[in-house]
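Inspection log for the structure reproduced underneath, given as structure tokens.
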There are 4 protein chains.
Amino acid sequence: MNVHTEFAPSPDAKTPSQADMMAFVYHGPGKTAFETHAKPQITAPTDAIVRIVKTTICGTDLHILKGDVATCKPGRILGHEGVGVIESVGAAVTTFKPRDRVLISCITSCGKCPACRNQLYSHCEHGGWILGNEIDGTQAEFVRIPYAETSLYPVAEGVDEEALVMLSDILPTGFECGVLNGKVQPGGTVAIVGSGPVGLAALLTAHFYTPSEIIMIDLDGKRLEIAKRFGATAVVNSTDGHAVDAVMALTDGRGVDTAIEAVGIPATFELCEDIVAAGGVIANIGVHGHPVSLHLERLWDRNIAITTRLVDTVSTPMLLKSLKAKRIDPKLLITHHFKLADILKAYDTFDHAADTGALKVIIEA
Amino acid sequence: MNVHTEFAPSPDAKTPSQADMMAFVYHGPGKTAFETHAKPQITAPTDAIVRIVKTTICGTDLHILKGDVATCKPGRILGHEGVGVIESVGAAVTTFKPRDRVLISCITSCGKCPACRNQLYSHCEHGGWILGNEIDGTQAEFVRIPYAETSLYPVAEGVDEEALVMLSDILPTGFECGVLNGKVQPGGTVAIVGSGPVGLAALLTAHFYTPSEIIMIDLDGKRLEIAKRFGATAVVNSTDGHAVDAVMALTDGRGVDTAIEAVGIPATFELCEDIVAAGGVIANIGVHGHPVSLHLERLWDRNIAITTRLVDTVSTPMLLKSLKAKRIDPKLLITHHFKLADILKAYDTFDHAADTGALKVIIEA
Amino acid sequence: MNVHTEFAPSPDAKTPSQADMMAFVYHGPGKTAFETHAKPQITAPTDAIVRIVKTTICGTDLHILKGDVATCKPGRILGHEGVGVIESVGAAVTTFKPRDRVLISCITSCGKCPACRNQLYSHCEHGGWILGNEIDGTQAEFVRIPYAETSLYPVAEGVDEEALVMLSDILPTGFECGVLNGKVQPGGTVAIVGSGPVGLAALLTAHFYTPSEIIMIDLDGKRLEIAKRFGATAVVNSTDGHAVDAVMALTDGRGVDTAIEAVGIPATFELCEDIVAAGGVIANIGVHGHPVSLHLERLWDRNIAITTRLVDTVSTPMLLKSLKAKRIDPKLLITHHFKLADILKAYDTFDHAADTGALKVIIEA
Amino acid sequence: MNVHTEFAPSPDAKTPSQADMMAFVYHGPGKTAFETHAKPQITAPTDAIVRIVKTTICGTDLHILKGDVATCKPGRILGHEGVGVIESVGAAVTTFKPRDRVLISCITSCGKCPACRNQLYSHCEHGGWILGNEIDGTQAEFVRIPYAETSLYPVAEGVDEEALVMLSDILPTGFECGVLNGKVQPGGTVAIVGSGPVGLAALLTAHFYTPSEIIMIDLDGKRLEIAKRFGATAVVNSTDGHAVDAVMALTDGRGVDTAIEAVGIPATFELCEDIVAAGGVIANIGVHGHPVSLHLERLWDRNIAITTRLVDTVSTPMLLKSLKAKRIDPKLLITHHFKLADILKAYDTFDHAADTGALKVIIEA
């Protein structure tokens with residue numbers, strides 16, 4: 001989940017008791033607190049309680065802080081990413097037991113509704129993106145995970161836990177919404193508009209399919225430098241307003257087979273409309289707040305596809321195998337580390353990415 | 001190719017000589033003539049000259065008459081559909097010989113460029129939709145077909161030639177742009193917005209995949225009656241502005257798996273945005289003259305795809321087999337018959353479809 | 001699941017008590033009984049107890065009776081098909097409640113193992129085909145269904161229950177193993193070798209994709225007559241040993257795009273090798289007891305695929321929608337009706353299909 | 001095209017005249033000559049004459065020398081790989097002109113028959129594998145290429161010509177028959193049985209999809225060393241007869257998602273049957289001379305696919321792009337260099353690969 005935004009935290013902590021824990025809580029637009037909060041309890045036989053070991057902050061969390069996410073009510077513990085240790089499980093949970101180390105998926109999947117049976121976990125009738133949104137999340141010492149057997153993943157021995165945190169959301173988001181939907185293929189040409197964390201996650205996972213060209217487009221020269229280090233074959237700084245010409249020059253005038261939108265504003269989506277080749281795909285990852293102009297008067301006969309997607313995290317098992325086999329290095333995305341007690345500082349760093357150079361921050365509980 | 005429009009013919013015929021033929025010629029916006037014209041000649045070894053037996057008029061021809069198609073210059077013989085008989089072939093043509101009966105594809109495919117080798121014939125470097133647009137077309141006694149071996153199809157013994165004319169453009173258009181792009185599947189739900197000839201062609205070919213529901217939407221009650229006869233499981237008259245509610249009521253509030261846009265205006269495309277289910281597809285067939293609003297602020301997380309397509313006619317061999325096996329009855333689309341000499345009357349009938357009830361008209365040369 | 005075999009029932013019933021029920025029990029090769037048996041109980045929070053309303057017999061049951069299925073031990077209640085009514089559910093079951101009418105899938109799916117998450121339910125780590133095989137089955141008054149929420153389907157109001165019984169196994173088997181694996185397509189040519197119940201189920205469901213030709217091959221003229229009534233476009237009696245020639249004559253010497261093996265012996269599989277076209281698929285449904293000769297010395301360069309599959313029942317939701325929409329008539333497969341008390345007679349009728357003309361028998365509990 | 005075999009050349013050269021050239025000619029089993037031969041001429045308007053710059057020897061050529069390829073008659077110039085320069089073109093050829101540098105595909109594609117229109121070039125009605133088989137081939141100073149526009153590829157400036165020769169046959173063969181048919185995927189496990197040139201080509205191209213594990217199996221330790229250098233994650237020497245156990249140990253007992261057969265004998269194919277996981281694919285590349293036992297008695301319910309394929313060379317444009325973008329290094333396969341005049345020595349070296357360590361040899365004309 002992806003966004004660029006700002007926030008104004010307003011902490012209001014009190015001393016924790018035995019059954020309490022510390023948590024980062026949203027109290028309405030611009031108001032947050034790192035404070036004591038009751039520890040979560042098992043409420044259904046399919047639940048698990050997970051003690052958080054490491055978590056992180058997502059652009060979507062910044063969206064919530066601005067009041068842009070109507071489903072997230074004041075009083076909510078934020079966070080939908082992390083790795084942890086099983087503390088307790090409900091009576092129906094047989095595949096996890098206390099002390100198992102687990103990866104938490106940002107998407108809760110009941111595993112039984114028609115959407116889940118069709119691998120469309122994002123639209124699970126009983127889950128979807130609820131963690132740190134409609135139910136309390138992972139920016140705390142403990143979290144309750146509903147439908148634990150289909151929303152958690154066992155952690156293989158020896159896998160780096162910081163790398164794993166990147167598999168909760170950002171890597172499957174870049175991969176599924178950008179790379180898979182965009183049908184990235186060997187020999188293909190790809191442009192990624194937006195070199196922030198999600199765009200870079202798309203870049204890292206695009207390499208799975210060995211496209212011939214990956215062109216990274218952004219306004220920020222520093223982020224484009226990072227993109228080059230991550231394997232972009234060309235970078236385009238769109239500050240001068242000539243990004244379309246630059247992409248056309250790089251693709252013999254054809255445009256790109258895959259244009260990945262990783263920002264979430266009309267200008268960047270419309271740039272994708274201008275650079276996609278006949279027969280190509282525009283894969284949207286960005287979280288949009290406004291309609292965009294779809295220029296069907298020139299696209300109706302271009303044989304293109306446009307896709308949207310909330311990450312399903314169906315690719316998580318594959319990403320876990322790739323991580324274990326060292327086929328990808330997600331830690332490249334991690335720029336900063338904080339203790340949970342310093343989460344306000346972590347938010348501040350993450351929110352001022354232009355100054356701090358933050359991509360993803362690791363928060364240790 | 002699809003459009004609703006009007007036209008103003010301006011005939012200006014003269015007496016034909018030996019090397020002349022009669023043809024319907026576009027002379028600029030609102031000006032046409034059924035007049036004598038030089039017979040076409042072989043100009044490349046891959047050409048064939050075809051004597052037209054039957055042709056028809058497409059909504060796109062009406063677009064041209066209005067001056068909406070910039071690539072079509074005054075002096076052009078219109079028409080991109082038809083069946084005929086080979087008159088002569090160039091030196092490199094070995095798979096056709098004089099007197100062979102052939103189906104003419106609306107798309108000219110060179111068979112050798114990267115687009116053609118990828119089955120994207122609509123974007124052929126040397127062809128695409130050029131017939132009756134960038135080169136002279138089929139509304140005449142004779143036509144020159146470039147790249148004949150990959151742009152004509154042999155006609156099997158005993159196949160009805162009027163049915164065949166529907167395979168030049170309208171059936172592959174409805175099928176490829178609507179049904180294939182829309183991923184119509186057994187058990188699925190389909191809505192087709194626009195019950196004109198192209199929408200009805202999508203309806204007829206949607207049956208190939210036996211979806212559970214096909215909902216037809218139009219403003220015209222008479223066309224909806226036709227849709228019912230063609231196998232629509234439900235019809236929605238959108239005159240009252242409650243089409244979205246009606247579709248939701250018919251789909252248990254889910255929306256449709258496939259929404260096919262077969263009109264070409266913003267209102268109908270945006271209707272598709274409102275009725276597509278999570279995980280579904282909007283398959284655009286309509287020829288649009290203006291941008292539409294794409295409501296990414298509510299579609300970004302709906303896991304949908306939007307597709308556009310100029311027909312490739314890759315499905316023509318399949319449609320020919322299905323026609324031969326009597327798996328489809330394209331003649332259902334034919335409402336009127338004219339002689340070539342009466343083509344002005346044919347255009348008039350086709351253009352005033354609301355009054356005449358015209359779907360497709362057959363013109364016999 | 002499919003087989004032709006014979007059996008020798010050996011009933012040994014006693015009077016049922018309150019906590020007992022009547023059930024058809026396998027007691028080792030050639031030995032069976034319709035006898036009293038303890039009613040099943042909930043043993044896991046994900047279980048449901050279902051009161052059987054209607055069940056049937058599968059060719060695989062005959063296999064078991066012969067002792068061919070090593071996983072099925074003496075003392076086992078047979079049967080893996082049926083519709084029923086929920087009697088009770090475990091603590092974790094929330095989507096079903098007592099008195100709900102349900103369809104029982106022949107495949108038990110836990111919904112959470114990697115195979116289930118990949119829609120490969122047949123290879124579920126905790127389920128697969130266990131019903132009436134490794135755990136007690138449906139040829140009884142009651143059955144325990146593990147992982148009820150992912151192994152049962154709600155029955156929509158007004159759907160015919162006898163038709164539904166065909167969706168437990170035989171229709172998804174014919175459809176998934178034959179039609180889907182065989183990539184049956186509009187315009188394609190299909191041959192189905194074996195016109196028994198499973199072959200006919202493949203025929204019925206092949207129509208979903210409107211192939212141009214469906215050629216049915218069998219030794220039994222009566223079954224071929226049935227195939228014609230079910231929509232086969234041609235039938236070939238292979239008694240004379242010239243089936244290959246006959247298929248080639250029907251396909252202009254090309255062979256078929258899809259060859260479906262629905263018998264399970266080397267001769268019929270090798271017939272498929274002889275009739276598949278270059279680029280085609282052999283989709284195996286038959287349960288084989290012996291190796292077959294794969295003639296790679298002439299198939300290595302034919303660009304074919306051969307597929308095997310134990311039904312996953314992933315298509316059950318689609319089949320339910322198609323049934324509700326009256327897009328398929330599974331009752332065509334039902335030839336006989338029996339009361340549960342007459343199950344021995346039902347087995348006898350089913351086992352002597354050549355004489356009785358039995359396809360599927362309905363057993364009412 | 002792939003094979004292990006031996007040969008016995010029997011040269012019988014004479015002095016070349018003006019219209020003559022030197023060529024390697026097959027004169028029946030065990031008999032060959034490097035001799036003068038008439039230069040080829042344009043015989044159809046779609047032909048091109050190409051002056052060979054570099055060519056190579058294929059395992060299939062050794063097959064021919066043994067008399068195993070019935071379609072190849074005595075008197076034939078062998079060879080179906082190479083790069084060259086256009087010498088002259090027929091009247092219908094517009095996309096190539098004299099002096100253009102071209103890659104020769106081992107598959108001749110007419111571009112217009114149903115097979116070619118479906119991208120099944122290997123089964124082209126007028127082409128397929130005919131070069132150096134049914135018509136004279138590339139182991140000569142000049143070659144006639146029928147259907148030049150769809151059987152040759154333009155060579156981009158600056159691309160290494162020796163690398164290019166690997167794209168005539170061996171790379172597309174390993175890629176299409178092994179990697180594409182085998183559905184190699186990120187996170188997947190692959191075993192390649194046979195570490196000869198074709199198996200190694202499959203290994204090199206498998207990396208396009210970044211599978212987690214690629215296990216290489218062979219009897220020859222030296223070839224397994226090469227496989228390690230080419231990126232195999234594990235190697236198994238099958239000399240001890242325990243290859244199945246070794247693969248199971250490497251895959252947690254699951255077997256592999258993709259088993260690629262790159263030898264062409266029953267033992268290696270049956271090894272693939274033993275190591276393929278449920279839901280996996282056996283992709284055959286090997287040229288087989290005998291039937292194999294397909295153990296359907298244990299594979300019928302394993303949900304596997306087995307594929308065969310003569311290379312179509314549909315992937316050549318993609319491979320050219322990947323080569324230009326330096327995403328693959330085909331020169332790794334080249335072990336030896338010869339002048340055309342030394343082609344007998346080249347054959348000898350290639351045929352005694354176990355001693356010479358030969359993989360692919362480059363022959364310069």
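The way I read the labels, and the way they are meant: chains A, B, ... in the order of the structure tokens, residue 1 as the first residue of every chain, and ligand 1 as the first ligand shown, with later ones counted on from there.
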
Mind checking DSSP for stretch 84-328 of chain A and telling me the helix (DSSP H, G or I) residues as a PyMOL selection string?
chain A and resi 114-117+121-123+148-150+161-165+170-180+197-209+221-229+238-240+243-250+266-275+296-299+316-324

Would you give me, as a ChimeraX atom specification, the residues of chain B that come within 6 Å of chain A, using only C-alpha atoms?
/B:288-297,300-310

I want to know what sits within 10 Å of D:Val53, based on only C-alpha atoms, with residues of the same chain fewer than 6 positions away left out; could you give that as a ChimeraX atom specification?
/D:82-85,101-102,138,140-142,161-162,165,340,363-365

Stretch 193-199 of chain C surroundings by only C-alpha atoms, 8 Å radius, close-in-sequence under 2 positions cut, as a list in words
Met1, Asn2, Ile170, Leu171, Thr173, Gly174, Ala191, Ala201, Ala202, Leu203, Met216, Ile217, Asp218, Arg223, Leu224, Ala227, Ala259, Ile260, Glu261, Ala262, Val263, Thr268, Cys272, Leu333, Leu359 and Lys360 of chain C

Output file for the residues above (N, CA and C atoms, as a PDB file, in the first residue's frame):
ATOM      1  N   MET C   1     -14.289 -39.520 -10.397  1.00  0.00           N
ATOM      2  CA  MET C   1     -13.506 -40.754 -10.314  1.00  0.00           C
ATOM      3  C   MET C   1     -14.208 -41.843 -11.114  1.00  0.00           C
ATOM      4  N   ASN C   2     -13.426 -42.623 -11.813  1.00  0.00           N
ATOM      5  CA  ASN C   2     -13.994 -43.420 -12.899  1.00  0.00           C
ATOM      6  C   ASN C   2     -13.389 -44.807 -12.985  1.00  0.00           C
ATOM      7  N   ILE C 170     -18.870 -36.401 -10.390  1.00  0.00           N
ATOM      8  CA  ILE C 170     -18.740 -36.787 -11.799  1.00  0.00           C
ATOM      9  C   ILE C 170     -18.663 -35.586 -12.741  1.00  0.00           C
ATOM     10  N   LEU C 171     -19.454 -34.548 -12.486  1.00  0.00           N
ATOM     11  CA  LEU C 171     -19.363 -33.384 -13.377  1.00  0.00           C
ATOM     12  C   LEU C 171     -18.041 -32.638 -13.216  1.00  0.00           C
ATOM     13  N   THR C 173     -15.295 -33.865 -12.284  1.00  0.00           N
ATOM     14  CA  THR C 173     -14.258 -34.754 -12.818  1.00  0.00           C
ATOM     15  C   THR C 173     -14.202 -34.665 -14.340  1.00  0.00           C
ATOM     16  N   GLY C 174     -15.340 -34.812 -14.985  1.00  0.00           N
ATOM     17  CA  GLY C 174     -15.349 -34.725 -16.446  1.00  0.00           C
ATOM     18  C   GLY C 174     -14.895 -33.352 -16.912  1.00  0.00           C
ATOM     19  N   ALA C 191     -12.219 -35.332 -29.143  1.00  0.00           N
ATOM     20  CA  ALA C 191     -12.639 -36.735 -29.139  1.00  0.00           C
ATOM     21  C   ALA C 191     -12.645 -37.207 -27.703  1.00  0.00           C
ATOM     22  N   ALA C 201     -20.030 -37.133 -18.835  1.00  0.00           N
ATOM     23  CA  ALA C 201     -19.916 -35.894 -18.053  1.00  0.00           C
ATOM     24  C   ALA C 201     -18.964 -34.927 -18.748  1.00  0.00           C
ATOM     25  N   ALA C 202     -17.900 -35.466 -19.325  1.00  0.00           N
ATOM     26  CA  ALA C 202     -16.982 -34.610 -20.100  1.00  0.00           C
ATOM     27  C   ALA C 202     -17.719 -34.037 -21.316  1.00  0.00           C
ATOM     28  N   LEU C 203     -18.522 -34.860 -21.940  1.00  0.00           N
ATOM     29  CA  LEU C 203     -19.293 -34.390 -23.108  1.00  0.00           C
ATOM     30  C   LEU C 203     -20.243 -33.254 -22.720  1.00  0.00           C
ATOM     31  N   MET C 216     -17.404 -38.992 -30.160  1.00  0.00           N
ATOM     32  CA  MET C 216     -17.464 -39.912 -29.022  1.00  0.00           C
ATOM     33  C   MET C 216     -17.082 -41.299 -29.520  1.00  0.00           C
ATOM     34  N   ILE C 217     -16.199 -41.958 -28.789  1.00  0.00           N
ATOM     35  CA  ILE C 217     -15.678 -43.269 -29.204  1.00  0.00           C
ATOM     36  C   ILE C 217     -15.947 -44.286 -28.094  1.00  0.00           C
ATOM     37  N   ASP C 218     -16.530 -45.425 -28.468  1.00  0.00           N
ATOM     38  CA  ASP C 218     -16.804 -46.488 -27.490  1.00  0.00           C
ATOM     39  C   ASP C 218     -17.016 -47.795 -28.255  1.00  0.00           C
ATOM     40  N   ARG C 223     -24.341 -46.906 -25.744  1.00  0.00           N
ATOM     41  CA  ARG C 223     -23.762 -45.719 -25.105  1.00  0.00           C
ATOM     42  C   ARG C 223     -23.477 -44.625 -26.136  1.00  0.00           C
ATOM     43  N   LEU C 224     -23.158 -45.030 -27.338  1.00  0.00           N
ATOM     44  CA  LEU C 224     -22.926 -44.031 -28.388  1.00  0.00           C
ATOM     45  C   LEU C 224     -24.243 -43.358 -28.780  1.00  0.00           C
ATOM     46  N   ALA C 227     -24.678 -40.774 -26.306  1.00  0.00           N
ATOM     47  CA  ALA C 227     -23.760 -39.659 -26.595  1.00  0.00           C
ATOM     48  C   ALA C 227     -24.345 -38.737 -27.658  1.00  0.00           C
ATOM     49  N   ALA C 259      -7.972 -34.772 -27.011  1.00  0.00           N
ATOM     50  CA  ALA C 259      -8.364 -36.177 -26.892  1.00  0.00           C
ATOM     51  C   ALA C 259      -8.527 -36.477 -25.400  1.00  0.00           C
ATOM     52  N   ILE C 260      -9.730 -36.861 -25.014  1.00  0.00           N
ATOM     53  CA  ILE C 260     -10.013 -37.116 -23.596  1.00  0.00           C
ATOM     54  C   ILE C 260     -10.103 -38.625 -23.367  1.00  0.00           C
ATOM     55  N   GLU C 261      -9.258 -39.132 -22.490  1.00  0.00           N
ATOM     56  CA  GLU C 261      -9.250 -40.561 -22.170  1.00  0.00           C
ATOM     57  C   GLU C 261     -10.140 -40.773 -20.955  1.00  0.00           C
ATOM     58  N   ALA C 262     -11.223 -41.501 -21.133  1.00  0.00           N
ATOM     59  CA  ALA C 262     -12.183 -41.692 -20.035  1.00  0.00           C
ATOM     60  C   ALA C 262     -12.484 -43.169 -19.825  1.00  0.00           C
ATOM     61  N   VAL C 263     -11.453 -43.990 -19.922  1.00  0.00           N
ATOM     62  CA  VAL C 263     -11.636 -45.425 -19.687  1.00  0.00           C
ATOM     63  C   VAL C 263     -10.649 -45.926 -18.624  1.00  0.00           C
ATOM     64  N   THR C 268      -6.919 -47.616 -24.766  1.00  0.00           N
ATOM     65  CA  THR C 268      -7.634 -46.366 -25.013  1.00  0.00           C
ATOM     66  C   THR C 268      -6.701 -45.161 -24.904  1.00  0.00           C
ATOM     67  N   CYS C 272      -5.611 -42.426 -27.957  1.00  0.00           N
ATOM     68  CA  CYS C 272      -5.484 -40.962 -27.853  1.00  0.00           C
ATOM     69  C   CYS C 272      -4.166 -40.476 -28.458  1.00  0.00           C
ATOM     70  N   LEU C 333     -27.745 -37.678 -16.737  1.00  0.00           N
ATOM     71  CA  LEU C 333     -26.883 -38.813 -16.385  1.00  0.00           C
ATOM     72  C   LEU C 333     -27.572 -39.841 -15.484  1.00  0.00           C
ATOM     73  N   LEU C 359     -26.259 -45.446 -15.866  1.00  0.00           N
ATOM     74  CA  LEU C 359     -25.191 -44.440 -15.881  1.00  0.00           C
ATOM     75  C   LEU C 359     -24.961 -44.051 -14.426  1.00  0.00           C
ATOM     76  N   LYS C 360     -25.761 -43.133 -13.922  1.00  0.00           N
ATOM     77  CA  LYS C 360     -25.666 -42.827 -12.490  1.00  0.00           C
ATOM     78  C   LYS C 360     -26.992 -43.213 -11.825  1.00  0.00           C
TER      79      LYS C 360
END

Taking 3 positions as the minimum chain separation for residues in the same chain, which residues sit within 10 Å of C:Asn133 when counting only C-alpha atoms? Answer as a PyMOL selection string.
chain C and resi 26+60-61+64+69-74+76-80+129-130+136-137

Let me see the file: selected residues, N, CA and C atoms, as a PDB file, in the first residue's frame.
ATOM      1  N   TYR C  26     -17.670 -51.543   3.588  1.00  0.00           N
ATOM      2  CA  TYR C  26     -16.720 -52.421   2.884  1.00  0.00           C
ATOM      3  C   TYR C  26     -16.000 -53.272   3.921  1.00  0.00           C
ATOM      4  N   THR C  60     -15.357 -45.649  -8.818  1.00  0.00           N
ATOM      5  CA  THR C  60     -14.283 -45.870  -7.859  1.00  0.00           C
ATOM      6  C   THR C  60     -14.742 -46.778  -6.721  1.00  0.00           C
ATOM      7  N   ASP C  61     -16.015 -46.694  -6.360  1.00  0.00           N
ATOM      8  CA  ASP C  61     -16.524 -47.584  -5.306  1.00  0.00           C
ATOM      9  C   ASP C  61     -16.395 -49.049  -5.747  1.00  0.00           C
ATOM     10  N   ILE C  64     -12.912 -50.136  -5.229  1.00  0.00           N
ATOM     11  CA  ILE C  64     -12.648 -50.478  -3.822  1.00  0.00           C
ATOM     12  C   ILE C  64     -13.129 -51.901  -3.542  1.00  0.00           C
ATOM     13  N   VAL C  69      -8.050 -50.472  -4.167  1.00  0.00           N
ATOM     14  CA  VAL C  69      -7.695 -49.181  -3.560  1.00  0.00           C
ATOM     15  C   VAL C  69      -7.105 -49.443  -2.175  1.00  0.00           C
ATOM     16  N   ALA C  70      -5.783 -49.455  -2.118  1.00  0.00           N
ATOM     17  CA  ALA C  70      -5.079 -49.904  -0.911  1.00  0.00           C
ATOM     18  C   ALA C  70      -5.367 -49.024   0.298  1.00  0.00           C
ATOM     19  N   THR C  71      -5.671 -47.758   0.060  1.00  0.00           N
ATOM     20  CA  THR C  71      -5.894 -46.844   1.183  1.00  0.00           C
ATOM     21  C   THR C  71      -7.226 -47.095   1.888  1.00  0.00           C
ATOM     22  N   CYS C  72      -8.123 -47.838   1.252  1.00  0.00           N
ATOM     23  CA  CYS C  72      -9.443 -48.082   1.841  1.00  0.00           C
ATOM     24  C   CYS C  72      -9.439 -49.409   2.593  1.00  0.00           C
ATOM     25  N   LYS C  73      -9.545 -49.337   3.901  1.00  0.00           N
ATOM     26  CA  LYS C  73      -9.421 -50.511   4.759  1.00  0.00           C
ATOM     27  C   LYS C  73     -10.797 -51.119   5.067  1.00  0.00           C
ATOM     28  N   PRO C  74     -10.840 -52.409   5.339  1.00  0.00           N
ATOM     29  CA  PRO C  74     -12.098 -53.046   5.747  1.00  0.00           C
ATOM     30  C   PRO C  74     -12.724 -52.324   6.944  1.00  0.00           C
ATOM     31  N   ARG C  76     -14.784 -49.730   6.417  1.00  0.00           N
ATOM     32  CA  ARG C  76     -15.039 -48.368   5.938  1.00  0.00           C
ATOM     33  C   ARG C  76     -16.443 -48.235   5.318  1.00  0.00           C
ATOM     34  N   ILE C  77     -17.165 -47.187   5.701  1.00  0.00           N
ATOM     35  CA  ILE C  77     -18.394 -46.824   4.992  1.00  0.00           C
ATOM     36  C   ILE C  77     -17.990 -46.158   3.682  1.00  0.00           C
ATOM     37  N   LEU C  78     -18.533 -46.626   2.578  1.00  0.00           N
ATOM     38  CA  LEU C  78     -18.147 -46.074   1.263  1.00  0.00           C
ATOM     39  C   LEU C  78     -18.993 -44.849   0.905  1.00  0.00           C
ATOM     40  N   GLY C  79     -18.663 -44.263  -0.254  1.00  0.00           N
ATOM     41  CA  GLY C  79     -19.445 -43.138  -0.772  1.00  0.00           C
ATOM     42  C   GLY C  79     -18.755 -41.798  -0.580  1.00  0.00           C
ATOM     43  N   HIS C  80     -18.669 -41.015  -1.659  1.00  0.00           N
ATOM     44  CA  HIS C  80     -18.022 -39.700  -1.551  1.00  0.00           C
ATOM     45  C   HIS C  80     -18.832 -38.636  -2.294  1.00  0.00           C
ATOM     46  N   TRP C 129      -8.913 -36.866  -1.620  1.00  0.00           N
ATOM     47  CA  TRP C 129      -9.979 -37.877  -1.654  1.00  0.00           C
ATOM     48  C   TRP C 129      -9.814 -38.810  -0.460  1.00  0.00           C
ATOM     49  N   ILE C 130     -10.454 -38.463   0.619  1.00  0.00           N
ATOM     50  CA  ILE C 130     -10.424 -39.312   1.821  1.00  0.00           C
ATOM     51  C   ILE C 130     -11.806 -39.876   2.134  1.00  0.00           C
ATOM     52  N   ASP C 136     -14.918 -42.516   6.894  1.00  0.00           N
ATOM     53  CA  ASP C 136     -16.237 -43.008   6.491  1.00  0.00           C
ATOM     54  C   ASP C 136     -16.935 -42.026   5.550  1.00  0.00           C
ATOM     55  N   GLY C 137     -17.745 -42.592   4.639  1.00  0.00           N
ATOM     56  CA  GLY C 137     -18.334 -41.819   3.563  1.00  0.00           C
ATOM     57  C   GLY C 137     -19.836 -41.623   3.633  1.00  0.00           C
TER      58      GLY C 137
END

Which residues are close to stretch 318-330 of chain C, i.e. within 8 Å by only C-alpha atoms, leaving aside same-chain residues fewer than 3 positions away? Reply as a ChimeraX atom specification.
/B:186-188,210-213 /C:156,159,163-164,166-167,171-172,204-205,315,333-334

Please report, as a PyMOL selection string, each residue of stretch 57-227 of chain D to which DSSP assigns strand (DSSP E) when run on this structure's backbone.
chain D and resi 76-77+82-89+101-104+142-145+152-154+189-193+213-218

Out of B:Leu200, B:Ala33, B:Ala246, B:Val143, which residue has the shortest atom-to-atom distance to B:Ile226 when counting only C-alpha atoms?
B:Leu200

Which residue gives the smallest distance to A:Ala341 among A:Gly28, A:Gln139, A:Lys66, A:Cys113, with only C-alpha atoms counted?
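Result for the nearest residue to A:Ala341: A:Gln139.
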